[in-house]
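Asks: If it helps, the file is called entry-v6.json and holds JSON, C-alpha atoms:
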[["chain", "number", "residue", "atom", "x", "y", "z"],
["A", 1, "MET", "CA", 13.29, -14.30, -13.43],
["A", 2, "GLU", "CA", 13.16, -11.73, -10.64],
["A", 3, "ASP", "CA", 16.06, -9.33, -10.89],
["A", 4, "PHE", "CA", 16.90, -6.97, -8.02],
["A", 5, "PRO", "CA", 19.85, -5.73, -5.95],
["A", 6, "GLN", "CA", 20.45, -7.53, -2.67],
["A", 7, "THR", "CA", 22.39, -4.86, -0.80],
["A", 8, "LEU", "CA", 22.83, -1.10, -0.69],
["A", 9, "SER", "CA", 26.23, -1.48, -2.35],
["A", 10, "GLU", "CA", 24.67, -3.43, -5.23],
["A", 11, "PHE", "CA", 21.90, -0.85, -5.52],
["A", 12, "GLU", "CA", 24.35, 2.05, -5.74],
["A", 13, "ASP", "CA", 26.55, 0.25, -8.29],
["A", 14, "ARG", "CA", 23.63, -0.71, -10.49],
["A", 15, "PHE", "CA", 21.49, 2.41, -10.38],
["A", 16, "GLY", "CA", 24.09, 5.14, -10.30],
["A", 17, "THR", "CA", 22.93, 6.66, -13.60],
["A", 18, "GLU", "CA", 19.62, 7.82, -15.00],
["A", 19, "GLU", "CA", 20.08, 5.59, -18.05],
["A", 20, "ALA", "CA", 20.46, 2.46, -15.91],
["A", 21, "CYS", "CA", 17.28, 3.27, -13.98],
["A", 22, "LEU", "CA", 15.27, 3.92, -17.13],
["A", 23, "ALA", "CA", 16.55, 0.67, -18.70],
["A", 24, "TYR", "CA", 15.44, -1.26, -15.60],
["A", 25, "LEU", "CA", 12.04, 0.41, -15.70],
["A", 26, "SER", "CA", 11.67, -0.43, -19.41],
["A", 27, "ALA", "CA", 12.58, -4.07, -18.80],
["A", 28, "LEU", "CA", 9.90, -4.37, -16.12],
["A", 29, "ARG", "CA", 7.25, -2.55, -18.13],
["A", 30, "TRP", "CA", 7.94, -4.40, -21.37],
["A", 31, "PRO", "CA", 9.59, -7.73, -20.38],
["A", 32, "ASN", "CA", 9.03, -9.16, -23.87],
["A", 33, "GLY", "CA", 10.06, -6.02, -25.72],
["A", 34, "PHE", "CA", 8.48, -2.62, -26.31],
["A", 35, "VAL", "CA", 4.74, -2.49, -27.05],
["A", 36, "CYS", "CA", 3.31, 0.80, -28.30],
["A", 37, "PRO", "CA", 0.32, 1.87, -26.15],
["A", 38, "HIS", "CA", -1.21, 3.62, -29.19],
["A", 39, "CYS", "CA", -1.09, 0.93, -31.90],
["A", 40, "GLU", "CA", 0.37, -2.09, -30.05],
["A", 41, "GLY", "CA", 3.26, -2.17, -32.49],
["A", 42, "SER", "CA", 6.53, -3.71, -31.37],
["A", 43, "ALA", "CA", 8.97, -2.09, -33.78],
["A", 44, "ALA", "CA", 10.54, 0.95, -32.14],
["A", 45, "TRP", "CA", 13.84, 2.56, -31.26],
["A", 46, "LEU", "CA", 15.05, 4.55, -28.30],
["A", 47, "ILE", "CA", 15.54, 8.20, -29.29],
["A", 48, "ASN", "CA", 16.06, 9.81, -25.91],
["A", 49, "ARG", "CA", 16.30, 8.94, -22.26],
["A", 50, "GLY", "CA", 13.32, 6.66, -21.74],
["A", 51, "LEU", "CA", 11.56, 7.89, -24.91],
["A", 52, "TRP", "CA", 10.61, 5.34, -27.60],
["A", 53, "HIS", "CA", 9.63, 6.11, -31.21],
["A", 54, "CYS", "CA", 7.15, 3.66, -32.74],
["A", 55, "ARG", "CA", 7.88, 2.78, -36.37],
["A", 56, "ASP", "CA", 4.28, 1.82, -37.14],
["A", 57, "CYS", "CA", 2.35, 4.87, -35.92],
["A", 58, "GLY", "CA", 5.19, 7.34, -35.52],
["A", 59, "LYS", "CA", 4.22, 8.31, -31.98],
["A", 60, "GLN", "CA", 6.66, 8.67, -29.15],
["A", 61, "THR", "CA", 6.15, 7.06, -25.75],
["A", 62, "SER", "CA", 7.99, 7.64, -22.51],
["A", 63, "VAL", "CA", 8.57, 4.67, -20.22],
["A", 64, "LYS", "CA", 7.17, 6.92, -17.47],
["A", 65, "SER", "CA", 3.89, 7.73, -19.22],
["A", 66, "GLY", "CA", 0.79, 6.19, -17.71],
["A", 67, "THR", "CA", 2.61, 5.39, -14.45],
["A", 68, "ILE", "CA", 2.99, 7.15, -11.10],
["A", 69, "PHE", "CA", 6.11, 8.81, -12.59],
["A", 70, "HIS", "CA", 4.04, 10.49, -15.32],
["A", 71, "ARG", "CA", 5.15, 14.10, -15.85],
["A", 72, "SER", "CA", 7.51, 14.00, -12.90],
["A", 73, "ARG", "CA", 10.35, 16.45, -13.42],
["A", 74, "LYS", "CA", 12.57, 14.68, -10.96],
["A", 75, "PRO", "CA", 14.99, 12.03, -12.31],
["A", 76, "ILE", "CA", 13.98, 8.39, -12.02],
["A", 77, "LYS", "CA", 17.28, 7.84, -10.22],
["A", 78, "LEU", "CA", 15.91, 9.93, -7.34],
["A", 79, "TRP", "CA", 12.64, 8.00, -7.37],
["A", 80, "PHE", "CA", 14.61, 4.74, -7.15],
["A", 81, "ARG", "CA", 16.49, 6.07, -4.12],
["A", 82, "ALA", "CA", 13.19, 6.96, -2.52],
["A", 83, "MET", "CA", 11.82, 3.45, -3.11],
["A", 84, "TRP", "CA", 14.96, 1.81, -1.79],
["A", 85, "TYR", "CA", 14.86, 3.98, 1.34],
["A", 86, "ILE", "CA", 11.16, 3.34, 1.99],
["A", 87, "THR", "CA", 11.34, -0.43, 1.54],
["A", 88, "ASN", "CA", 14.47, -0.69, 3.69],
["A", 89, "GLN", "CA", 12.90, 1.09, 6.65],
["A", 90, "LYS", "CA", 11.51, -1.73, 8.76],
["A", 91, "TYR", "CA", 8.74, 0.38, 10.25],
["A", 92, "GLY", "CA", 8.10, 2.76, 7.39],
["A", 93, "ALA", "CA", 9.23, 6.27, 6.48],
["A", 94, "ASN", "CA", 7.65, 9.67, 7.03],
["A", 95, "ALA", "CA", 7.81, 12.69, 4.76],
["A", 96, "LEU", "CA", 10.32, 14.64, 6.86],
["A", 97, "GLY", "CA", 12.69, 11.68, 6.88],
["A", 98, "LEU", "CA", 12.40, 11.23, 3.11],
["A", 99, "GLN", "CA", 12.95, 14.94, 2.55],
["A", 100, "ARG", "CA", 16.18, 14.85, 4.56],
["A", 101, "VAL", "CA", 17.53, 11.66, 2.98],
["A", 102, "LEU", "CA", 16.91, 12.82, -0.61],
["A", 103, "ALA", "CA", 17.73, 16.49, 0.12],
["A", 104, "LEU", "CA", 14.41, 17.50, -1.42],
["A", 105, "GLY", "CA", 13.77, 21.21, -1.26],
["A", 106, "SER", "CA", 10.10, 20.79, -0.47],
["A", 107, "TYR", "CA", 8.27, 18.90, 2.28],
["A", 108, "HIS", "CA", 5.25, 18.92, -0.05],
["A", 109, "THR", "CA", 7.20, 16.95, -2.67],
["A", 110, "ALA", "CA", 8.31, 14.32, -0.15],
["A", 111, "TRP", "CA", 4.76, 13.96, 1.17],
["A", 112, "GLU", "CA", 3.31, 13.54, -2.35],
["A", 113, "TRP", "CA", 5.96, 10.99, -3.31],
["A", 114, "LEU", "CA", 5.20, 8.88, -0.25],
["A", 115, "HIS", "CA", 1.50, 8.83, -1.03],
["A", 116, "ARG", "CA", 2.06, 8.01, -4.69],
["A", 117, "LEU", "CA", 4.27, 5.12, -3.68],
["A", 118, "ARG", "CA", 1.73, 3.94, -1.12],
["A", 119, "ARG", "CA", -0.79, 3.74, -3.96],
["A", 120, "ALA", "CA", 1.68, 1.51, -5.81],
["A", 121, "MET", "CA", 1.86, -0.85, -2.85],
["A", 122, "VAL", "CA", -1.51, -2.28, -3.88],
["A", 123, "ARG", "CA", -1.13, -4.38, -7.00],
["A", 124, "PRO", "CA", -4.09, -4.09, -9.40],
["A", 125, "GLY", "CA", -5.95, -7.41, -9.60],
["A", 126, "ARG", "CA", -4.17, -8.87, -6.58],
["A", 127, "GLU", "CA", -5.33, -12.26, -5.36],
["A", 128, "ARG", "CA", -8.05, -12.37, -2.75],
["A", 129, "LEU", "CA", -7.67, -14.19, 0.55],
["A", 130, "SER", "CA", -8.95, -17.76, 0.78],
["A", 131, "GLY", "CA", -9.43, -20.69, 3.15],
["A", 132, "CYS", "CA", -10.36, -19.77, 6.72],
["A", 133, "VAL", "CA", -10.44, -16.01, 7.17],
["A", 134, "GLN", "CA", -11.18, -14.09, 10.36],
["A", 135, "VAL", "CA", -12.97, -10.77, 9.82],
["A", 136, "ASP", "CA", -13.54, -7.99, 12.33],
["A", 137, "GLU", "CA", -13.44, -4.19, 12.59],
["A", 138, "THR", "CA", -11.59, -1.63, 14.66],
["A", 139, "TYR", "CA", -11.71, 2.12, 15.14],
["A", 140, "ILE", "CA", -8.75, 4.35, 14.38],
["A", 141, "GLY", "CA", -8.17, 7.71, 16.03],
["A", 142, "GLY", "CA", -10.76, 10.35, 16.72],
["A", 143, "ALA", "CA", -10.57, 13.98, 17.74],
["A", 144, "LYS", "CA", -12.54, 13.13, 20.87],
["A", 145, "PRO", "CA", -12.63, 9.95, 22.94],
["A", 146, "GLY", "CA", -16.23, 9.33, 21.87],
["A", 147, "LYS", "CA", -18.24, 6.33, 22.92],
["A", 148, "ARG", "CA", -17.04, 2.78, 22.46],
["A", 149, "GLY", "CA", -18.38, 0.11, 20.17],
["A", 150, "ARG", "CA", -19.66, 0.06, 16.62],
["A", 151, "GLY", "CA", -21.47, 3.36, 17.08],
["A", 152, "ALA", "CA", -18.32, 5.30, 18.05],
["A", 153, "GLN", "CA", -18.22, 8.85, 16.70],
["A", 154, "GLY", "CA", -15.25, 10.86, 15.47],
["A", 155, "LYS", "CA", -13.32, 7.75, 14.48],
["A", 156, "ALA", "CA", -12.55, 5.93, 11.24],
["A", 157, "LEU", "CA", -13.90, 2.40, 10.98],
["A", 158, "VAL", "CA", -11.42, -0.10, 9.49],
["A", 159, "ALA", "CA", -12.36, -3.63, 8.43],
["A", 160, "ILE", "CA", -9.73, -6.35, 8.90],
["A", 161, "ALA", "CA", -9.52, -9.72, 7.16],
["A", 162, "VAL", "CA", -6.82, -12.20, 8.22],
["A", 163, "GLU", "CA", -6.02, -15.63, 6.79],
["A", 164, "GLU", "CA", -5.57, -18.45, 9.26],
["A", 165, "ARG", "CA", -2.60, -20.73, 8.72],
["A", 166, "SER", "CA", -2.81, -24.35, 9.84],
["A", 167, "PRO", "CA", -2.10, -25.60, 12.43],
["A", 168, "LYS", "CA", -1.60, -22.09, 13.79],
["A", 169, "GLY", "CA", -0.28, -18.79, 12.59],
["A", 170, "ILE", "CA", -1.25, -15.80, 10.54],
["A", 171, "GLY", "CA", -1.23, -15.45, 6.76],
["A", 172, "ARG", "CA", -2.01, -12.50, 4.53],
["A", 173, "ILE", "CA", -4.18, -9.59, 5.56],
["A", 174, "ARG", "CA", -6.47, -7.06, 3.92],
["A", 175, "LEU", "CA", -7.51, -3.73, 5.43],
["A", 176, "GLY", "CA", -10.04, -1.16, 4.31],
["A", 177, "VAL", "CA", -11.86, 1.92, 5.55],
["A", 178, "ILE", "CA", -15.62, 1.29, 5.55],
["A", 179, "PRO", "CA", -18.40, 3.85, 6.09],
["A", 180, "ASP", "CA", -20.20, 1.85, 8.77],
["A", 181, "ALA", "CA", -20.65, -1.63, 10.24],
["A", 182, "SER", "CA", -23.79, -2.40, 8.28],
["A", 183, "ALA", "CA", -24.36, -5.68, 6.45],
["A", 184, "GLU", "CA", -23.98, -3.88, 3.13],
["A", 185, "SER", "CA", -20.57, -2.39, 3.99],
["A", 186, "LEU", "CA", -19.16, -5.52, 5.62],
["A", 187, "THR", "CA", -20.38, -7.88, 2.88],
["A", 188, "ASP", "CA", -18.91, -5.58, 0.23],
["A", 189, "PHE", "CA", -15.54, -5.55, 2.03],
["A", 190, "VAL", "CA", -15.48, -9.35, 2.26],
["A", 191, "MET", "CA", -16.49, -9.82, -1.39],
["A", 192, "ARG", "CA", -13.69, -7.51, -2.55],
["A", 193, "ASN", "CA", -11.05, -9.22, -0.46],
["A", 194, "VAL", "CA", -11.98, -12.88, 0.06],
["A", 195, "VAL", "CA", -12.67, -15.66, -2.46],
["A", 196, "GLU", "CA", -16.25, -16.97, -2.50],
["A", 197, "GLY", "CA", -16.70, -20.29, -0.74],
["A", 198, "SER", "CA", -14.17, -19.42, 1.96],
["A", 199, "ILE", "CA", -14.97, -19.90, 5.64],
["A", 200, "ILE", "CA", -15.45, -16.52, 7.29],
["A", 201, "LYS", "CA", -15.07, -16.44, 11.06],
["A", 202, "THR", "CA", -16.69, -13.47, 12.78],
["A", 203, "ASP", "CA", -18.22, -12.51, 16.11],
["A", 204, "ASP", "CA", -22.00, -12.47, 16.47],
["A", 205, "TRP", "CA", -22.49, -8.96, 15.05],
["A", 206, "ARG", "CA", -25.61, -8.90, 12.87],
["A", 207, "GLY", "CA", -23.74, -7.00, 10.15],
["A", 208, "TYR", "CA", -22.24, -10.31, 9.01],
["A", 209, "THR", "CA", -25.57, -12.02, 8.37],
["A", 210, "GLY", "CA", -25.34, -11.30, 4.63],
["A", 211, "LEU", "CA", -22.25, -13.45, 4.11],
["A", 212, "PHE", "CA", -24.13, -16.70, 3.55],
["A", 213, "GLY", "CA", -26.20, -15.22, 0.74],
["A", 214, "ALA", "CA", -23.00, -13.87, -0.83],
["A", 215, "GLY", "CA", -21.52, -17.36, -1.16],
["A", 216, "TYR", "CA", -19.51, -17.71, 2.04],
["A", 217, "GLN", "CA", -19.60, -20.09, 4.98],
["A", 218, "ARG", "CA", -19.86, -18.21, 8.25],
["A", 219, "GLN", "CA", -18.68, -19.41, 11.63],
["A", 220, "ILE", "CA", -19.49, -17.37, 14.74],
["A", 221, "LEU", "CA", -16.81, -17.17, 17.43],
["A", 222, "PRO", "CA", -16.82, -15.45, 20.81],
["A", 223, "SER", "CA", -15.14, -12.04, 20.58],
["A", 224, "GLU", "CA", -12.21, -13.17, 22.74],
["A", 225, "GLN", "CA", -11.39, -15.89, 20.19],
["A", 226, "MET", "CA", -11.00, -13.39, 17.32],
["A", 227, "LYS", "CA", -7.31, -13.20, 18.15],
["A", 228, "LEU", "CA", -5.87, -12.66, 14.67],
["A", 229, "PRO", "CA", -7.75, -9.46, 13.69],
["A", 230, "HIS", "CA", -7.32, -8.19, 17.26],
["A", 231, "LEU", "CA", -3.56, -8.68, 16.94],
["A", 232, "VAL", "CA", -3.45, -6.94, 13.55],
["A", 233, "ALA", "CA", -5.51, -4.03, 14.93],
["A", 234, "SER", "CA", -3.16, -3.63, 17.88],
["A", 235, "LEU", "CA", -0.02, -3.76, 15.71],
["A", 236, "LEU", "CA", -1.54, -1.35, 13.18],
["A", 237, "LYS", "CA", -2.29, 1.28, 15.83],
["A", 238, "ARG", "CA", 1.15, 0.98, 17.35],
["A", 239, "TRP", "CA", 2.71, 1.30, 13.88],
["A", 240, "LEU", "CA", 0.72, 4.47, 13.13],
["A", 241, "LEU", "CA", 1.66, 5.90, 16.50],
["A", 242, "GLY", "CA", 5.32, 4.90, 16.40],
["A", 243, "THR", "CA", 6.15, 5.76, 12.78],
["A", 244, "TYR", "CA", 3.86, 8.73, 12.21],
["A", 245, "GLN", "CA", 3.18, 9.87, 15.80],
["A", 246, "GLY", "CA", -0.52, 9.59, 15.02],
["A", 247, "ALA", "CA", -0.20, 12.31, 12.34],
["A", 248, "VAL", "CA", -2.58, 10.62, 9.91],
["A", 249, "ARG", "CA", -5.49, 12.45, 8.37],
["A", 250, "PRO", "CA", -8.73, 10.48, 8.12],
["A", 251, "THR", "CA", -8.94, 11.33, 4.40],
["A", 252, "HIS", "CA", -5.53, 9.72, 3.83],
["A", 253, "LEU", "CA", -5.90, 6.75, 6.15],
["A", 254, "GLU", "CA", -6.54, 4.33, 3.26],
["A", 255, "TYR", "CA", -3.04, 5.03, 1.89],
["A", 256, "TYR", "CA", -1.44, 4.18, 5.22],
["A", 257, "LEU", "CA", -3.45, 0.97, 5.37],
["A", 258, "ASP", "CA", -2.07, 0.08, 1.93],
["A", 259, "GLU", "CA", 1.47, 0.57, 3.18],
["A", 260, "TYR", "CA", 0.88, -1.45, 6.33],
["A", 261, "THR", "CA", -0.65, -4.29, 4.31],
["A", 262, "PHE", "CA", 2.31, -4.26, 1.89],
["A", 263, "ARG", "CA", 4.80, -4.46, 4.75],
["A", 264, "PHE", "CA", 2.88, -6.99, 6.84],
["A", 265, "ASN", "CA", 2.33, -9.42, 3.97],
["A", 266, "ARG", "CA", 6.05, -9.35, 3.19],
["A", 267, "ARG", "CA", 7.27, -9.46, 6.78],
["A", 268, "THR", "CA", 9.06, -12.79, 6.25],
["A", 269, "SER", "CA", 10.93, -11.71, 3.11],
["A", 270, "ARG", "CA", 14.63, -12.40, 3.48],
["A", 271, "SER", "CA", 15.64, -9.68, 1.06],
["A", 272, "ARG", "CA", 14.70, -6.02, 1.33],
["A", 273, "GLY", "CA", 15.76, -5.78, -2.30],
["A", 274, "LYS", "CA", 12.77, -7.89, -3.25],
["A", 275, "LEU", "CA", 10.44, -5.35, -1.64],
["A", 276, "PHE", "CA", 12.13, -2.67, -3.74],
["A", 277, "TYR", "CA", 11.62, -4.83, -6.82],
["A", 278, "ARG", "CA", 7.92, -5.31, -6.05],
["A", 279, "LEU", "CA", 7.39, -1.60, -5.50],
["A", 280, "VAL", "CA", 9.08, -0.65, -8.79],
["A", 281, "GLN", "CA", 7.17, -3.40, -10.58],
["A", 282, "GLN", "CA", 3.82, -2.21, -9.23],
["A", 283, "SER", "CA", 4.59, 1.48, -9.75],
["A", 284, "ILE", "CA", 4.33, 1.02, -13.52],
["A", 285, "LEU", "CA", 0.89, -0.60, -13.16],
["A", 286, "ILE", "CA", -0.68, 2.35, -11.35],
["A", 287, "ASP", "CA", -2.37, 5.16, -13.27],
["A", 288, "PRO", "CA", -0.98, 8.69, -12.89],
["A", 289, "ILE", "CA", -2.07, 10.53, -9.75],
["A", 290, "SER", "CA", -2.47, 14.29, -9.77],
["A", 291, "GLY", "CA", -1.34, 16.44, -6.87],
["A", 292, "SER", "CA", -4.87, 17.72, -6.41],
["A", 293, "GLU", "CA", -6.03, 14.16, -5.69],
["A", 294, "LEU", "CA", -3.63, 13.91, -2.78],
["A", 295, "LYS", "CA", -4.18, 17.34, -1.20],
["A", 296, "ALA", "CA", -0.92, 17.40, 0.67],
["A", 297, "PRO", "CA", -0.77, 19.28, 3.98],
["A", 298, "THR", "CA", 2.15, 21.40, 5.15],
["A", 299, "ALA", "CA", 4.56, 19.97, 7.69],
["A", 300, "CYS", "CA", 2.85, 21.75, 10.56],
["A", 301, "GLN", "CA", -0.59, 20.61, 9.42],
["A", 302, "GLU", "CA", 0.34, 16.96, 9.82],
["A", 303, "ASN", "CA", -0.32, 17.36, 13.53],
["A", 304, "GLU", "CA", -3.95, 18.33, 12.90],
["A", 305, "ASN", "CA", -5.11, 14.78, 12.51],
["A", 306, "PHE", "CA", -6.05, 11.84, 14.73],
["A", 307, "ASP", "CA", -5.34, 13.54, 18.05],
["A", 308, "ASN", "CA", -6.51, 10.52, 20.01],
["A", 309, "LEU", "CA", -4.45, 7.88, 18.23],
["A", 310, "GLY", "CA", -2.80, 6.26, 21.22],
["A", 311, "ALA", "CA", -1.99, 2.72, 22.20],
["A", 312, "PRO", "CA", -5.21, 0.71, 21.81],
["A", 313, "GLU", "CA", -7.18, -0.18, 24.88],
["A", 314, "PRO", "CA", -8.47, -3.75, 25.20],
["A", 315, "GLN", "CA", -12.08, -2.65, 24.65],
["A", 316, "ASP", "CA", -11.07, -0.66, 21.57],
["A", 317, "ILE", "CA", -9.61, -3.59, 19.65],
["A", 318, "GLY", "CA", -11.92, -5.46, 17.34],
["A", 319, "GLY", "CA", -14.74, -2.93, 17.36],
["A", 320, "ALA", "CA", -16.61, -4.77, 20.11]]
What does the file become when written as structure tokens?
Replies:
Amino acid sequence: MEDFPQTLSEFEDRFGTEEACLAYLSALRWPNGFVCPHCEGSAAWLINRGLWHCRDCGKQTSVKSGTIFHRSRKPIKLWFRAMWYITNQKYGANALGLQRVLALGSYHTAWEWLHRLRRAMVRPGRERLSGCVQVDETYIGGAKPGKRGRGAQGKALVAIAVEERSPKGIGRIRLGVIPDASAESLTDFVMRNVVEGSIIKTDDWRGYTGLFGAGYQRQILPSEQMKLPHLVASLLKRWLLGTYQGAVRPTHLEYYLDEYTFRFNRRTSRSRGKLFYRLVQQSILIDPISGSELKAPTACQENENFDNLGAPEPQDIGGA
């Protein structure tokens, strides 16, 4: 049974202590009781805050070990507040906002936390899209305007897959940065994100010719009929511009795509508390991430990014 606070008042009452937060984390990590990661034994006792002692092998395991909280010196209570704040911001949160809300002494810490939590927004082994799926590409940013089309330079190429809902509507989405619009890159993106046998609707770009051999049915539509990925591309660019003022480094773009996908696919959720629950649940499934992997910029460096990330022009949407 899914267990989460519905309101801010419930959140504050329930997670006001470090012990309560650690107990909640333990219940999500080991729903059927503690399991030792070293010997898989189940007999253990709690000896310290979040630290379990296994009777069979004698080793001690923290509920935080092997998760994104691994070796974090900050209390889990503060992490929970960060997750509640992030999931309750309709359009996302930036590092400066998180730093102010949590009274963190370092912008660097707030920036790292956001990126760690964005990693947790992608559940390992998540289900692939299925049914009728529209696939297209779009370009994000660029230090210079560059030329248009699939050969545009100075921009990041993002593939978009969108489920169609019958009789009309939009289902789940998947986004991913790809190196180019070649058949190899596009087929790989589709295979990672869409179940074989699905109907893939694309424009007439030759990069999609490999889909049939990969086990998909391909339908070619005129570019103007690829409305779903065009809509997602437009909304994505406006979200990046509105929430982050375009301050997104190309090397970190994938993390922002993860966050946008997480939010978009849960846009109809009636409870923000459920988004908090999902984020906590997935945070214990993600391997530890070192600070060197993230390479956080300083606050002033965040402006040295996609200088040309403005509202998308009609010709820019869909990678035509």
Asks: Output as a tab-separated table one row per residue of region 166-276 of chain A within 10 Å of region 5-24 of chain A: the closest atom pair and its distance in Å to one decimal place, counting all atoms listed in the file, sorted by chain and residue number ascending.
Replies:
residue	atom	partner	partner_atom	distance
A:Arg270	CA	A:Gln6	CA	9.8
A:Ser271	CA	A:Gln6	CA	6.5
A:Arg272	CA	A:Gln6	CA	7.2
A:Gly273	CA	A:Gln6	CA	5.0
A:Lys274	CA	A:Gln6	CA	7.7
A:Phe276	CA	A:Pro5	CA	8.6
Asks: Record the distance separating CA of Gly171 (chain A) and CA of Ser223 (chain A), expressed in Å with one decimal.
Replies: 19.9 Å
Asks: My list of candidates is A:Thr138, A:Ser72, A:Asn94, A:Gln219. Which is closest to Asp180 (chain A) when distances are computed with only C-alpha atoms?
Replies: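 Closest to Asp180 (chain A) of all the choices is A:Thr138.
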Asks: Report, in Å with one decimal, the straight-line distance from CA of Leu235 (chain A) to CA of Glu163 (chain A).
Replies: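 For CA of Leu235 (chain A) relative to CA of Glu163 (chain A), the distance reads 16.0 Å.
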Asks: If you count all atoms listed in the file, which residues fall within 6 Å of region 253-265 of chain A, apart from same-chain ones fewer than 3 positions away, as number ranges by chain?
Replies: A: 118, 121, 172, 250
Asks: Distance CA of Val158 (chain A)-CA of Ile140 (chain A), one decimal place?
Replies: 7.1 Å
Asks: Sorted by chain and rising residue number, which residues of region 88-171 of chain A lie within 10 Å of region 66-69 of chain A, and what are their closest atom pairs and distances in Å to one decimal, counting all atoms listed in the file, as a Markdown table?
Replies:
| residue | atom | partner | partner_atom | distance |
| --- | --- | --- | --- | --- |
| A:Trp113 | CA | A:Ile68 | CA | 9.2 |
| A:Arg116 | CA | A:Ile68 | CA | 6.5 |
| A:Leu117 | CA | A:Ile68 | CA | 7.8 |
| A:Arg119 | CA | A:Ile68 | CA | 8.8 |
| A:Ala120 | CA | A:Ile68 | CA | 7.8 |
Asks: From the list A:Arg192, A:Lys155, A:Arg100, A:Lys201, which residue is nearest Pro179 (chain A) when using all atoms listed in the file?
Replies: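 Ranked by minimum distance to Pro179 (chain A), first place goes to A:Lys155.
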Asks: Skipping near chain neighbours, those fewer than 4 positions away, what residues fall within 12 Å of Leu104 (chain A) using all atoms listed in the file, listed as a list of chain:residue names?
Replies: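 Listed by chain and then number, they are A:Lys74, A:Leu78, A:Trp79, A:Arg81, A:Ala82, A:Ala95, A:Leu96, A:Gly97, A:Leu98, A:Gln99, A:Arg100, A:His108, A:Thr109, A:Ala110, A:Trp111, A:Glu112, A:Trp113.
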Asks: Take the residues just selected and output them with C-alpha atoms as an mmCIF file, keeping the file's coordinate frame.
Replies:
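Produced file again03.cif, reproduced below:
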data_model
loop_
_atom_site.group_PDB
_atom_site.id
_atom_site.type_symbol
_atom_site.label_atom_id
_atom_site.label_comp_id
_atom_site.auth_asym_id
_atom_site.auth_seq_id
_atom_site.Cartn_x
_atom_site.Cartn_y
_atom_site.Cartn_z
ATOM 1 C CA LYS A 74 12.570 14.680 -10.960
ATOM 2 C CA LEU A 78 15.910 9.930 -7.340
ATOM 3 C CA TRP A 79 12.640 8.000 -7.370
ATOM 4 C CA ARG A 81 16.490 6.070 -4.120
ATOM 5 C CA ALA A 82 13.190 6.960 -2.520
ATOM 6 C CA ALA A 95 7.810 12.690 4.760
ATOM 7 C CA LEU A 96 10.320 14.640 6.860
ATOM 8 C CA GLY A 97 12.690 11.680 6.880
ATOM 9 C CA LEU A 98 12.400 11.230 3.110
ATOM 10 C CA GLN A 99 12.950 14.940 2.550
ATOM 11 C CA ARG A 100 16.180 14.850 4.560
ATOM 12 C CA HIS A 108 5.250 18.920 -0.050
ATOM 13 C CA THR A 109 7.200 16.950 -2.670
ATOM 14 C CA ALA A 110 8.310 14.320 -0.150
ATOM 15 C CA TRP A 111 4.760 13.960 1.170
ATOM 16 C CA GLU A 112 3.310 13.540 -2.350
ATOM 17 C CA TRP A 113 5.960 10.990 -3.310
#
Asks: Could you name the residues that touch Phe34 (chain A) at 8 Å or less, counting all atoms listed in the file, but leaving out those on the same chain fewer than 4 positions away, as a compact mmCIF listing (two decimals) with C-alpha atoms, keeping the file's coordinate frame?
Replies:
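So part15.txt came out as:
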# COMPACT_ATOMS: atom_id res chain seq x y z
CA SER A 26 11.67 -0.43 -19.41
CA TRP A 30 7.94 -4.40 -21.37
CA SER A 42 6.53 -3.71 -31.37
CA ALA A 43 8.97 -2.09 -33.78
CA ALA A 44 10.54 0.95 -32.14
Asks: Give me, as CSV, the closest atom pair and its distance (Å, one decimal) for every residue of region 108-184 of chain A within a cut-off of 10 Å of region 207-214 of chain A, counting all atoms listed in the file, rows sorted by chain and rising number.
Replies:
residue,atom,partner,partner_atom,distance
A:Val135,CA,A:Tyr208,CA,9.3
A:Asp136,CA,A:Tyr208,CA,9.6
A:Asp180,CA,A:Gly207,CA,9.6
A:Ala181,CA,A:Gly207,CA,6.2
A:Ser182,CA,A:Gly207,CA,5.0
A:Ala183,CA,A:Gly207,CA,4.0
A:Glu184,CA,A:Gly207,CA,7.7
Asks: Using all atoms listed in the file, which of the listed residues (A:Pro167, A:Pro288, A:Pro75, A:Gly141) sits closest to Arg238 (chain A)?
Replies: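 Comparing A:Pro167, A:Pro288, A:Pro75, A:Gly141 against Arg238 (chain A), the winner is A:Gly141.
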Asks: Between A:Ile76, A:Val195, A:Gly176, A:Gly131, which residue has the minimum interatomic distance to Glu164 (chain A), considering only C-alpha atoms?
Replies: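 Under the stated criterion, the closest residue is A:Gly131.
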Asks: Which neighbours of Asp203 (chain A) fall inside 7 Å, counting all atoms listed in the file, when residues of the same chain fewer than 2 positions from it are skipped, and could you give them as a PyMOL selection string?
Replies: chain A and resi 205+220-223
Asks: Grab the residues selected above and save them as a PDB file, in the coordinates of the input with C-alpha atoms.
Replies:
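Result file follows (again.pdb):
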ATOM      1  CA  TRP A 205     -22.490  -8.960  15.050  1.00  0.00           C
ATOM      2  CA  ILE A 220     -19.490 -17.370  14.740  1.00  0.00           C
ATOM      3  CA  LEU A 221     -16.810 -17.170  17.430  1.00  0.00           C
ATOM      4  CA  PRO A 222     -16.820 -15.450  20.810  1.00  0.00           C
ATOM      5  CA  SER A 223     -15.140 -12.040  20.580  1.00  0.00           C
TER       6      SER A 223
END
Asks: Would you please work out which residue, of A:Arg206, A:Arg128, A:His252, A:His38, is nearest to Met191 (chain A) when using only C-alpha atoms?
Replies: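 Under the stated criterion, the closest residue is A:Arg128.
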Asks: Tell me which protein, DNA and RNA residues are within 10 Å of Gln281 (chain A), counting only C-alpha atoms, leaving out same-chain ones fewer than 2 positions away, and put them as number ranges by chain.
Replies: A: 24-25, 27-29, 120-121, 123, 275-279, 283-286
